[in-house]
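What follows is the content of target_16.cif (mmCIF, C-alpha atoms).
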data_coords
loop_
_atom_site.group_PDB
_atom_site.id
_atom_site.type_symbol
_atom_site.label_atom_id
_atom_site.label_comp_id
_atom_site.auth_asym_id
_atom_site.auth_seq_id
_atom_site.Cartn_x
_atom_site.Cartn_y
_atom_site.Cartn_z
ATOM 1 C CA MET A 1 0.000 0.000 0.000
ATOM 2 C CA THR A 2 1.492 3.322 -1.026
ATOM 3 C CA ARG A 3 2.039 6.147 1.430
ATOM 4 C CA GLN A 4 -0.319 8.391 -0.583
ATOM 5 C CA LEU A 5 -3.129 5.833 -0.317
ATOM 6 C CA MET A 6 -2.571 5.435 3.423
ATOM 7 C CA VAL A 7 -2.804 9.203 3.913
ATOM 8 C CA GLY A 8 -6.078 9.239 1.998
ATOM 9 C CA ILE A 9 -7.551 6.451 4.114
ATOM 10 C CA ASP A 10 -6.461 8.255 7.270
ATOM 11 C CA LYS A 11 -8.301 11.437 6.177
ATOM 12 C CA VAL A 12 -11.483 9.475 5.506
ATOM 13 C CA CYS A 13 -11.286 7.846 8.924
ATOM 14 C CA ARG A 14 -10.733 11.207 10.616
ATOM 15 C CA SER A 15 -13.779 12.670 8.825
ATOM 16 C CA ALA A 16 -15.945 9.733 9.850
ATOM 17 C CA TYR A 17 -14.778 10.059 13.437
ATOM 18 C CA SER A 18 -15.480 13.807 13.449
ATOM 19 C CA TYR A 19 -19.008 13.273 12.140
ATOM 20 C CA ALA A 20 -19.687 10.528 14.677
ATOM 21 C CA SER A 21 -18.451 12.821 17.427
ATOM 22 C CA ALA A 22 -20.839 15.530 16.256
ATOM 23 C CA ILE A 23 -23.849 13.503 17.322
ATOM 24 C CA ARG A 24 -22.572 13.085 20.869
ATOM 25 C CA THR A 25 -23.741 15.451 23.568
ATOM 26 C CA PRO A 26 -20.674 17.619 24.246
ATOM 27 C CA SER A 27 -21.241 17.970 27.958
ATOM 28 C CA VAL A 28 -21.659 14.299 28.878
ATOM 29 C CA GLY A 29 -20.090 12.492 25.914
ATOM 30 C CA ILE A 30 -22.998 10.120 25.270
ATOM 31 C CA MET A 31 -25.010 9.502 22.136
ATOM 32 C CA ILE A 32 -28.272 11.445 21.865
ATOM 33 C CA SER A 33 -31.453 9.892 20.542
ATOM 34 C CA LYS A 34 -34.643 11.145 18.958
ATOM 35 C CA ASP A 35 -36.394 10.535 22.273
ATOM 36 C CA ASP A 36 -33.885 12.852 23.988
ATOM 37 C CA CYS A 37 -34.596 15.601 21.450
ATOM 38 C CA ILE A 38 -38.358 15.186 21.740
ATOM 39 C CA GLN A 39 -38.100 15.347 25.523
ATOM 40 C CA LYS A 40 -36.062 18.573 25.383
ATOM 41 C CA TYR A 41 -38.457 20.077 22.839
ATOM 42 C CA ASN A 42 -41.473 19.363 25.041
ATOM 43 C CA GLU A 43 -39.650 20.639 28.135
ATOM 44 C CA TYR A 44 -39.049 23.956 26.373
ATOM 45 C CA LYS A 45 -42.724 24.233 25.404
ATOM 46 C CA LYS A 46 -43.827 23.486 28.955
ATOM 47 C CA GLN A 47 -41.467 26.021 30.533
ATOM 48 C CA HIS A 48 -41.958 28.858 28.030
ATOM 49 C CA GLU A 49 -45.541 28.130 26.885
ATOM 50 C CA VAL A 50 -44.559 28.723 23.274
ATOM 51 C CA ILE A 51 -43.291 26.697 20.322
ATOM 52 C CA PRO A 52 -39.474 26.994 20.298
ATOM 53 C CA LYS A 53 -37.652 28.570 17.414
ATOM 54 C CA LYS A 54 -34.727 26.596 16.046
ATOM 55 C CA LYS A 55 -31.916 28.587 17.661
ATOM 56 C CA ASP A 56 -33.762 28.726 20.985
ATOM 57 C CA PHE A 57 -34.226 24.965 20.972
ATOM 58 C CA PHE A 58 -30.546 24.199 20.317
ATOM 59 C CA LYS A 59 -29.473 26.602 23.061
ATOM 60 C CA PHE A 60 -31.958 25.108 25.521
ATOM 61 C CA ALA A 61 -31.127 21.491 24.651
ATOM 62 C CA GLY A 62 -27.359 22.087 24.649
ATOM 63 C CA ILE A 63 -26.821 20.336 21.332
ATOM 64 C CA HIS A 64 -25.542 21.360 17.918
ATOM 65 C CA GLU A 65 -27.630 21.386 14.768
ATOM 66 C CA ARG A 66 -25.313 18.794 13.215
ATOM 67 C CA GLN A 67 -26.304 16.349 15.926
ATOM 68 C CA LEU A 68 -29.960 16.687 14.982
ATOM 69 C CA VAL A 69 -29.071 16.261 11.308
ATOM 70 C CA GLY A 70 -27.298 13.033 12.253
ATOM 71 C CA LEU A 71 -30.596 11.739 13.620
ATOM 72 C CA TYR A 72 -33.146 13.137 11.157
ATOM 73 C CA GLY A 73 -31.233 14.019 8.013
ATOM 74 C CA ARG A 74 -32.373 16.892 5.803
ATOM 75 C CA ASP A 75 -34.795 19.438 7.346
ATOM 76 C CA ALA A 76 -33.996 17.949 10.727
ATOM 77 C CA TYR A 77 -35.682 20.573 12.901
ATOM 78 C CA THR A 78 -38.792 20.561 10.728
ATOM 79 C CA LYS A 79 -39.057 16.795 11.165
ATOM 80 C CA LEU A 80 -38.557 17.114 14.924
ATOM 81 C CA GLN A 81 -41.354 19.678 15.175
ATOM 82 C CA GLU A 82 -43.693 17.506 13.143
ATOM 83 C CA GLU A 83 -42.839 14.497 15.294
ATOM 84 C CA CYS A 84 -43.774 16.567 18.343
ATOM 85 C CA GLY A 85 -47.130 17.426 16.776
ATOM 86 C CA ASP A 86 -46.345 21.025 15.760
ATOM 87 C CA GLU A 87 -46.311 22.753 12.407
ATOM 88 C CA ALA A 88 -42.814 23.579 11.255
ATOM 89 C CA ASN A 89 -41.437 27.099 11.745
ATOM 90 C CA LYS A 90 -40.461 27.835 8.167
ATOM 91 C CA LEU A 91 -38.121 30.661 7.312
ATOM 92 C CA ASN A 92 -40.130 33.845 6.980
ATOM 93 C CA LEU A 93 -39.216 35.538 3.714
ATOM 94 C CA GLU A 94 -41.473 38.549 4.212
ATOM 95 C CA LYS A 95 -39.767 41.931 4.136
ATOM 96 C CA THR A 96 -41.289 42.662 7.535
ATOM 97 C CA PRO A 97 -42.215 39.502 9.478
ATOM 98 C CA THR A 98 -45.796 39.203 10.666
ATOM 99 C CA GLU A 99 -44.637 38.872 14.263
ATOM 100 C CA LYS A 100 -42.841 42.225 14.121
ATOM 101 C CA ILE A 101 -45.899 43.917 12.596
ATOM 102 C CA MET A 102 -48.225 42.518 15.231
ATOM 103 C CA ARG A 103 -45.908 43.375 18.101
ATOM 104 C CA GLN A 104 -45.576 46.933 16.799
ATOM 105 C CA TYR A 105 -49.361 47.205 16.839
ATOM 106 C CA GLY A 106 -49.723 45.614 20.266
ATOM 107 C CA ASP A 107 -46.910 47.606 21.883
ATOM 108 C CA LEU A 108 -48.309 50.830 20.444
ATOM 109 C CA ALA A 109 -51.747 50.044 21.871
ATOM 110 C CA LEU A 110 -50.200 49.406 25.291
ATOM 111 C CA GLU A 111 -48.326 52.705 25.084
ATOM 112 C CA LEU A 112 -51.436 54.679 24.088
ATOM 113 C CA GLU A 113 -53.738 52.683 26.390
ATOM 114 C CA GLU A 114 -56.186 52.389 23.487
ATOM 115 C CA LEU A 115 -56.266 51.001 19.973
ATOM 116 C CA PRO A 116 -53.966 53.020 17.703
ATOM 117 C CA ASN A 117 -55.202 54.681 14.551
ATOM 118 C CA SER A 118 -53.306 54.877 11.296
ATOM 119 C CA SER A 119 -51.907 58.332 12.105
ATOM 120 C CA ASP A 120 -50.168 56.864 15.172
ATOM 121 C CA TRP A 121 -48.567 54.211 12.959
ATOM 122 C CA ILE A 122 -47.469 56.799 10.391
ATOM 123 C CA GLU A 123 -46.100 59.163 13.058
ATOM 124 C CA ARG A 124 -43.742 56.458 14.341
ATOM 125 C CA HIS A 125 -42.574 55.545 10.831
ATOM 126 C CA PHE A 126 -43.462 51.899 11.341
ATOM 127 C CA LYS A 127 -42.955 49.477 8.483
ATOM 128 C CA PRO A 128 -44.726 48.497 6.323
ATOM 129 C CA SER A 129 -46.615 51.685 5.497
ATOM 130 C CA ILE A 130 -50.411 51.704 5.676
ATOM 131 C CA SER A 131 -50.630 50.930 1.970
ATOM 132 C CA GLY A 132 -47.850 48.344 2.285
ATOM 133 C CA LEU A 133 -49.841 46.489 4.924
ATOM 134 C CA GLU A 134 -52.636 45.945 2.415
ATOM 135 C CA ARG A 135 -50.353 44.430 -0.214
ATOM 136 C CA ARG A 136 -48.794 41.000 -0.555
ATOM 137 C CA PRO A 137 -47.816 39.149 1.586
ATOM 138 C CA HIS A 138 -49.639 40.795 4.529
ATOM 139 C CA PHE A 139 -53.083 41.772 3.162
ATOM 140 C CA ILE A 140 -53.956 43.707 6.340
ATOM 141 C CA LYS A 141 -56.458 46.524 5.944
ATOM 142 C CA TRP A 142 -56.252 48.955 8.835
ATOM 143 C CA SER A 143 -59.892 48.353 9.736
ATOM 144 C CA GLU A 144 -59.100 44.624 9.975
ATOM 145 C CA PHE A 145 -56.015 45.049 12.176
ATOM 146 C CA PRO A 146 -57.818 44.271 15.468
ATOM 147 C CA SER A 147 -59.218 40.978 14.173
ATOM 148 C CA LYS A 148 -55.898 40.037 12.545
ATOM 149 C CA PHE A 149 -54.092 40.829 15.795
ATOM 150 C CA THR A 150 -56.521 38.705 17.806
ATOM 151 C CA GLU A 151 -56.090 35.819 15.375
ATOM 152 C CA TRP A 152 -52.290 36.080 15.633
ATOM 153 C CA ILE A 153 -52.455 36.047 19.442
ATOM 154 C CA GLN A 154 -54.659 32.962 19.494
ATOM 155 C CA ASN A 155 -52.772 30.999 16.844
ATOM 156 C CA ASN A 156 -49.361 31.624 18.389
ATOM 157 C CA GLN A 157 -50.368 31.596 22.067
ATOM 158 C CA VAL A 158 -48.674 34.965 22.585
ATOM 159 C CA LYS A 159 -48.711 36.382 26.099
ATOM 160 C CA GLY A 160 -48.533 39.966 27.354
ATOM 161 C CA TYR A 161 -51.236 41.610 25.252
ATOM 162 C CA GLU A 162 -54.302 40.875 27.364
ATOM 163 C CA LYS A 163 -55.038 44.608 27.757
ATOM 164 C CA VAL A 164 -54.954 45.070 23.984
ATOM 165 C CA LEU A 165 -57.497 42.279 23.556
ATOM 166 C CA GLY A 166 -59.654 44.165 26.050
ATOM 167 C CA TYR A 167 -59.370 47.344 23.965
ATOM 168 C CA ILE A 168 -60.398 45.342 20.896
ATOM 169 C CA ASN A 169 -63.465 43.933 22.643
ATOM 170 C CA GLU A 170 -64.496 47.427 23.762
ATOM 171 C CA SER A 171 -64.046 48.781 20.248
ATOM 172 C CA SER A 172 -66.069 45.916 18.800
ATOM 173 C CA ALA A 173 -68.914 46.648 21.199
ATOM 174 C CA LYS A 174 -68.892 50.326 20.208
ATOM 175 C CA SER A 175 -68.934 49.365 16.537
ATOM 176 C CA LYS A 176 -72.029 47.256 17.100
ATOM 177 C CA VAL A 177 -73.765 50.174 18.793
ATOM 178 C CA LYS A 178 -72.778 52.420 15.901
ATOM 179 C CA ALA A 179 -74.168 49.937 13.394
ATOM 180 C CA GLU A 180 -77.471 49.751 15.253
ATOM 181 C CA LYS A 181 -77.870 53.530 14.984
ATOM 182 C CA ARG A 182 -77.989 53.507 11.227
ATOM 183 C CA ASP A 183 -81.457 53.506 9.813
ATOM 184 C CA ARG A 184 -82.455 51.483 6.801
ATOM 185 C CA GLU A 185 -82.708 54.450 4.461
ATOM 186 C CA PHE A 186 -79.163 55.554 5.222
ATOM 187 C CA GLU A 187 -77.874 52.015 4.732
ATOM 188 C CA LYS A 188 -79.667 51.827 1.405
ATOM 189 C CA LEU A 189 -78.203 55.178 0.336
ATOM 190 C CA ILE A 190 -74.698 54.017 1.253
ATOM 191 C CA SER A 191 -75.207 50.840 -0.749
ATOM 192 C CA ASN A 192 -76.485 52.758 -3.774
ATOM 193 C CA ILE A 193 -73.529 55.147 -3.741
ATOM 194 C CA ARG A 194 -71.055 52.291 -3.302
ATOM 195 C CA SER A 195 -72.562 50.447 -6.264
ATOM 196 C CA TRP A 196 -72.484 53.570 -8.452
ATOM 197 C CA SER A 197 -69.662 53.717 -10.983
ATOM 198 C CA PRO A 198 -68.912 56.993 -12.805
ATOM 199 C CA GLY A 199 -69.186 56.742 -16.568
ATOM 200 C CA ARG A 200 -65.596 57.927 -16.893
ATOM 201 C CA ARG A 201 -62.919 59.826 -15.024
ATOM 202 C CA ARG A 202 -64.075 63.424 -14.644
ATOM 203 C CA ASN A 203 -62.062 66.629 -14.568
ATOM 204 C CA SER A 204 -63.832 68.239 -11.616
ATOM 205 C CA GLU A 205 -65.898 67.558 -8.524
ATOM 206 C CA GLY A 206 -68.802 69.383 -10.133
ATOM 207 C CA GLU A 207 -68.990 66.896 -12.996
ATOM 208 C CA TYR A 208 -68.966 63.960 -10.590
ATOM 209 C CA LYS A 209 -71.653 65.659 -8.510
ATOM 210 C CA ILE A 210 -73.954 66.077 -11.509
ATOM 211 C CA GLU A 211 -73.524 62.439 -12.509
ATOM 212 C CA LEU A 212 -74.148 61.160 -8.973
ATOM 213 C CA ARG A 213 -77.217 63.361 -8.599
ATOM 214 C CA ARG A 214 -78.738 61.961 -11.784
ATOM 215 C CA HIS A 215 -78.016 58.435 -10.599
ATOM 216 C CA LEU A 216 -79.698 58.956 -7.226
ATOM 217 C CA GLU A 217 -82.702 60.724 -8.738
ATOM 218 C CA SER A 218 -83.159 57.795 -11.115
ATOM 219 C CA LEU A 219 -83.458 55.590 -8.014
ATOM 220 C CA GLY A 220 -86.232 57.759 -6.594
ATOM 221 C CA TYR A 221 -84.303 59.935 -4.144
ATOM 222 C CA THR A 222 -85.086 63.611 -3.680
ATOM 223 C CA VAL A 223 -81.795 65.448 -4.191
ATOM 224 C CA ASN A 224 -80.953 69.076 -3.432
ATOM 225 C CA GLU A 225 -77.636 70.616 -4.470
ATOM 226 C CA GLU A 226 -75.553 73.205 -2.557
ATOM 227 C CA PHE A 227 -78.343 73.249 -0.009
ATOM 228 C CA GLY A 228 -78.965 74.228 3.603
ATOM 229 C CA GLU A 229 -77.214 76.252 6.270
ATOM 230 C CA SER A 230 -74.078 74.136 5.921
ATOM 231 C CA ASN A 231 -74.112 74.296 2.101
ATOM 232 C CA PHE A 232 -74.031 70.523 1.521
ATOM 233 C CA ASP A 233 -72.818 69.342 -1.882
ATOM 234 C CA LEU A 234 -75.913 67.130 -1.994
ATOM 235 C CA LEU A 235 -78.766 66.680 0.477
ATOM 236 C CA ILE A 236 -80.665 63.424 0.032
ATOM 237 C CA ASN A 237 -84.343 63.229 1.046
ATOM 238 C CA LYS A 238 -83.699 66.285 3.238
ATOM 239 C CA ARG A 239 -81.993 64.005 5.750
ATOM 240 C CA HIS A 240 -78.592 62.826 4.585
ATOM 241 C CA ALA A 241 -75.732 65.058 3.465
ATOM 242 C CA VAL A 242 -73.130 64.070 0.860
ATOM 243 C CA GLU A 243 -69.807 65.890 0.528
ATOM 244 C CA ILE A 244 -67.657 65.139 -2.528
ATOM 245 C CA LYS A 245 -63.899 65.521 -2.914
ATOM 246 C CA LYS A 246 -61.847 64.717 -6.013
ATOM 247 C CA ASP A 247 -58.126 63.941 -5.908
ATOM 248 C CA PRO A 248 -57.682 65.399 -2.394
ATOM 249 C CA GLN A 249 -54.291 66.399 -1.032
ATOM 250 C CA LEU A 250 -53.581 66.953 2.653
ATOM 251 C CA SER A 251 -54.983 70.495 2.661
ATOM 252 C CA GLU A 252 -58.208 69.292 0.984
ATOM 253 C CA TYR A 253 -58.557 66.531 3.581
ATOM 254 C CA ASP A 254 -58.187 69.146 6.327
ATOM 255 C CA ARG A 255 -60.863 71.287 4.699
ATOM 256 C CA LEU A 256 -63.149 68.280 4.239
ATOM 257 C CA PHE A 257 -62.775 67.369 7.907
ATOM 258 C CA GLY A 258 -63.965 70.852 8.866
ATOM 259 C CA GLN A 259 -66.870 70.667 6.421
ATOM 260 C CA LEU A 260 -67.998 67.329 7.840
ATOM 261 C CA ALA A 261 -67.832 68.682 11.389
ATOM 262 C CA ARG A 262 -70.004 71.612 10.312
ATOM 263 C CA HIS A 263 -72.462 69.353 8.474
ATOM 264 C CA LEU A 264 -72.890 67.210 11.599
ATOM 265 C CA GLN A 265 -74.250 70.240 13.425
ATOM 266 C CA HIS A 266 -77.242 70.090 11.082
ATOM 267 C CA GLN A 267 -77.481 66.447 9.988
ATOM 268 C CA LEU A 268 -76.675 63.368 12.063
ATOM 269 C CA ARG A 269 -75.675 61.231 9.091
ATOM 270 C CA VAL A 270 -73.185 62.381 6.482
ATOM 271 C CA ILE A 271 -71.426 60.659 3.586
ATOM 272 C CA ALA A 272 -67.961 61.738 2.443
ATOM 273 C CA LEU A 273 -67.317 60.558 -1.114
ATOM 274 C CA ILE A 274 -63.628 60.524 -2.094
ATOM 275 C CA LEU A 275 -62.892 60.185 -5.802
ATOM 276 C CA ASP A 276 -59.511 59.470 -7.412
ATOM 277 C CA ALA A 277 -57.646 59.473 -4.084
ATOM 278 C CA PRO A 278 -53.916 59.784 -4.905
ATOM 279 C CA SER A 279 -52.549 58.461 -1.598
ATOM 280 C CA GLU A 280 -53.786 55.430 0.301
ATOM 281 C CA ASP A 281 -51.902 56.487 3.437
ATOM 282 C CA LYS A 282 -53.531 59.922 3.541
ATOM 283 C CA PHE A 283 -56.943 58.381 2.902
ATOM 284 C CA SER A 284 -56.515 55.823 5.695
ATOM 285 C CA ASN A 285 -55.328 58.518 8.075
ATOM 286 C CA PHE A 286 -58.341 60.672 7.206
ATOM 287 C CA THR A 287 -60.849 57.862 7.805
ATOM 288 C CA SER A 288 -59.187 57.087 11.114
ATOM 289 C CA LEU A 289 -59.478 60.719 12.239
ATOM 290 C CA VAL A 290 -63.129 60.795 11.173
ATOM 291 C CA ASP A 291 -63.916 57.651 13.171
ATOM 292 C CA THR A 292 -62.063 58.963 16.212
ATOM 293 C CA TYR A 293 -63.306 62.544 16.390
ATOM 294 C CA LEU A 294 -66.515 62.887 14.371
ATOM 295 C CA CYS A 295 -68.415 59.621 14.841
ATOM 296 C CA LYS A 296 -69.664 60.229 18.365
ATOM 297 C CA ASP A 297 -72.988 59.865 20.107
ATOM 298 C CA GLU A 298 -75.600 59.584 17.356
ATOM 299 C CA LYS A 299 -73.468 61.235 14.687
ATOM 300 C CA ILE A 300 -72.253 59.067 11.817
ATOM 301 C CA VAL A 301 -69.898 59.785 8.924
ATOM 302 C CA GLU A 302 -69.559 57.135 6.222
ATOM 303 C CA VAL A 303 -66.425 57.559 4.103
ATOM 304 C CA ILE A 304 -66.605 56.006 0.629
ATOM 305 C CA LYS A 305 -63.713 55.865 -1.827
ATOM 306 C CA LYS A 306 -63.928 55.373 -5.579
#
Please go through the file and, once you have read it, give me the structure as structure tokens.
Amino acid sequence: MTRQLMVGIDKVCRSAYSYASAIRTPSVGIMISKDDCIQKYNEYKKQHEVIPKKKDFFKFAGIHERQLVGLYGRDAYTKLQEECGDEANKLNLEKTPTEKIMRQYGDLALELEELPNSSDWIERHFKPSISGLERRPHFIKWSEFPSKFTEWIQNNQVKGYEKVLGYINESSAKSKVKAEKRDREFEKLISNIRSWSPGRRRNSEGEYKIELRRHLESLGYTVNEEFGESNFDLLINKRHAVEIKKDPQLSEYDRLFGQLARHLQHQLRVIALILDAPSEDKFSNFTSLVDTYLCKDEKIVEVIKK
């Protein structure tokens, strides 16, 4: 046997020995088994009341990932989790992980001692933006944040946000009361405006107003234009005011907010119709401010975007 061949055999033996050593528990020098890993996994869950992440498990169990690979092969930790009856913690490829988004929301609610609105989120420069939340892969509309947060808490058995869940329950109860206040005629009007589609993109609010008026009159509504002490854009059946804004910027939103506040002094139910909104963030912030400051007692503002 040549010296070169003997050296090669020696290297192979050393590699085999190194790999075999990798599946021994460093601290006690004994072979680990699948049962040992399952026991450690379940101990972690019992102590921390949460499914362990990969790095947390290895630190807790005092073993190296290579040791687990020696027992399970490829996707070792995934197989261990499945064997323990849990769904695997796959690598999250989202730009902003769901957990971070939800914790931002929950921590902000705890700080404010109430549910945050979109302006609070924007002020703190949280990521994703309001419009980014609605896109892939999150698909979270701001109005749906409370329910999404509750679902995340329940599915992941997250602790520490019990107060936030209380805020959500209170908000839900208020929303039900608000819904009960709406009469059938107002609900029907909202539905008819939501189902209305302009014939084409118009150059001015006035053109949209004329088209909407004709649509509502064709449905049997009595419509007055630029009417009343508050000078409503449209007054429907002498009960419900409609204010129209096209392509609003921040200053127009500010003006619209003031107009709605003035309208509510004369009518309890008002519709704000936003057409060709250029910024989703500004629109979401506006609706949040309306819900927070204008929709009180028996007063209702329905914001519709087209």
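Coordinates place atom CA of A:Gly166 at a distance of 17.9 Å from atom CA of A:Thr292.
Atom CA of A:Ala61 lies 13.5 Å from atom CA of A:His48.
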Inset, instruction - Could you check how far atom CA of A:Glu280 sits from atom CA of A:Ser191, in Å to one decimal? - result: 21.9 Å
Legend entry - Residue IDs satisfying the PyMOL selection byres ((chain A and resi 138-149) around 10), as a PyMOL selection string: chain A and resi 94-99+101-103+105-106+115-118+128+130-137+150-155+161+164-165+167-169+171-172+284-285+287-288
Inset, instruction - Starting from the shown file, work through the PyMOL selection byres ((chain A and resi 219) around 12) and note down what comes out as a list of chain:residue names. - result: A:Lys188, A:Leu189, A:Ser191, A:Asn192, A:Ile193, A:Trp196, A:Leu212, A:Arg213, A:Arg214, A:His215, A:Leu216, A:Glu217, A:Ser218, A:Gly220, A:Tyr221, A:Thr222, A:Val223, A:Ile236, A:Asn237
Go ahead and save the residues from that selection, with C-alpha atoms, as a PDB file, in the frame of the given file.
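The result, written out as again.pdb:
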ATOM      1  CA  LYS A 188     -79.667  51.827   1.405  1.00  0.00           C
ATOM      2  CA  LEU A 189     -78.203  55.178   0.336  1.00  0.00           C
ATOM      3  CA  SER A 191     -75.207  50.840  -0.749  1.00  0.00           C
ATOM      4  CA  ASN A 192     -76.485  52.758  -3.774  1.00  0.00           C
ATOM      5  CA  ILE A 193     -73.529  55.147  -3.741  1.00  0.00           C
ATOM      6  CA  TRP A 196     -72.484  53.570  -8.452  1.00  0.00           C
ATOM      7  CA  LEU A 212     -74.148  61.160  -8.973  1.00  0.00           C
ATOM      8  CA  ARG A 213     -77.217  63.361  -8.599  1.00  0.00           C
ATOM      9  CA  ARG A 214     -78.738  61.961 -11.784  1.00  0.00           C
ATOM     10  CA  HIS A 215     -78.016  58.435 -10.599  1.00  0.00           C
ATOM     11  CA  LEU A 216     -79.698  58.956  -7.226  1.00  0.00           C
ATOM     12  CA  GLU A 217     -82.702  60.724  -8.738  1.00  0.00           C
ATOM     13  CA  SER A 218     -83.159  57.795 -11.115  1.00  0.00           C
ATOM     14  CA  GLY A 220     -86.232  57.759  -6.594  1.00  0.00           C
ATOM     15  CA  TYR A 221     -84.303  59.935  -4.144  1.00  0.00           C
ATOM     16  CA  THR A 222     -85.086  63.611  -3.680  1.00  0.00           C
ATOM     17  CA  VAL A 223     -81.795  65.448  -4.191  1.00  0.00           C
ATOM     18  CA  ILE A 236     -80.665  63.424   0.032  1.00  0.00           C
ATOM     19  CA  ASN A 237     -84.343  63.229   1.046  1.00  0.00           C
TER      20      ASN A 237
END
Need a file for stretch 35-92 of chain A from that block: C-alpha atoms, written as an mmCIF file, in the first residue's frame.
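Writing done, so here's selection-v4.cif:
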data_model
loop_
_atom_site.group_PDB
_atom_site.id
_atom_site.type_symbol
_atom_site.label_atom_id
_atom_site.label_comp_id
_atom_site.auth_asym_id
_atom_site.auth_seq_id
_atom_site.Cartn_x
_atom_site.Cartn_y
_atom_site.Cartn_z
ATOM 1 C CA ASP A 35 -36.394 10.535 22.273
ATOM 2 C CA ASP A 36 -33.885 12.852 23.988
ATOM 3 C CA CYS A 37 -34.596 15.601 21.450
ATOM 4 C CA ILE A 38 -38.358 15.186 21.740
ATOM 5 C CA GLN A 39 -38.100 15.347 25.523
ATOM 6 C CA LYS A 40 -36.062 18.573 25.383
ATOM 7 C CA TYR A 41 -38.457 20.077 22.839
ATOM 8 C CA ASN A 42 -41.473 19.363 25.041
ATOM 9 C CA GLU A 43 -39.650 20.639 28.135
ATOM 10 C CA TYR A 44 -39.049 23.956 26.373
ATOM 11 C CA LYS A 45 -42.724 24.233 25.404
ATOM 12 C CA LYS A 46 -43.827 23.486 28.955
ATOM 13 C CA GLN A 47 -41.467 26.021 30.533
ATOM 14 C CA HIS A 48 -41.958 28.858 28.030
ATOM 15 C CA GLU A 49 -45.541 28.130 26.885
ATOM 16 C CA VAL A 50 -44.559 28.723 23.274
ATOM 17 C CA ILE A 51 -43.291 26.697 20.322
ATOM 18 C CA PRO A 52 -39.474 26.994 20.298
ATOM 19 C CA LYS A 53 -37.652 28.570 17.414
ATOM 20 C CA LYS A 54 -34.727 26.596 16.046
ATOM 21 C CA LYS A 55 -31.916 28.587 17.661
ATOM 22 C CA ASP A 56 -33.762 28.726 20.985
ATOM 23 C CA PHE A 57 -34.226 24.965 20.972
ATOM 24 C CA PHE A 58 -30.546 24.199 20.317
ATOM 25 C CA LYS A 59 -29.473 26.602 23.061
ATOM 26 C CA PHE A 60 -31.958 25.108 25.521
ATOM 27 C CA ALA A 61 -31.127 21.491 24.651
ATOM 28 C CA GLY A 62 -27.359 22.087 24.649
ATOM 29 C CA ILE A 63 -26.821 20.336 21.332
ATOM 30 C CA HIS A 64 -25.542 21.360 17.918
ATOM 31 C CA GLU A 65 -27.630 21.386 14.768
ATOM 32 C CA ARG A 66 -25.313 18.794 13.215
ATOM 33 C CA GLN A 67 -26.304 16.349 15.926
ATOM 34 C CA LEU A 68 -29.960 16.687 14.982
ATOM 35 C CA VAL A 69 -29.071 16.261 11.308
ATOM 36 C CA GLY A 70 -27.298 13.033 12.253
ATOM 37 C CA LEU A 71 -30.596 11.739 13.620
ATOM 38 C CA TYR A 72 -33.146 13.137 11.157
ATOM 39 C CA GLY A 73 -31.233 14.019 8.013
ATOM 40 C CA ARG A 74 -32.373 16.892 5.803
ATOM 41 C CA ASP A 75 -34.795 19.438 7.346
ATOM 42 C CA ALA A 76 -33.996 17.949 10.727
ATOM 43 C CA TYR A 77 -35.682 20.573 12.901
ATOM 44 C CA THR A 78 -38.792 20.561 10.728
ATOM 45 C CA LYS A 79 -39.057 16.795 11.165
ATOM 46 C CA LEU A 80 -38.557 17.114 14.924
ATOM 47 C CA GLN A 81 -41.354 19.678 15.175
ATOM 48 C CA GLU A 82 -43.693 17.506 13.143
ATOM 49 C CA GLU A 83 -42.839 14.497 15.294
ATOM 50 C CA CYS A 84 -43.774 16.567 18.343
ATOM 51 C CA GLY A 85 -47.130 17.426 16.776
ATOM 52 C CA ASP A 86 -46.345 21.025 15.760
ATOM 53 C CA GLU A 87 -46.311 22.753 12.407
ATOM 54 C CA ALA A 88 -42.814 23.579 11.255
ATOM 55 C CA ASN A 89 -41.437 27.099 11.745
ATOM 56 C CA LYS A 90 -40.461 27.835 8.167
ATOM 57 C CA LEU A 91 -38.121 30.661 7.312
ATOM 58 C CA ASN A 92 -40.130 33.845 6.980
#
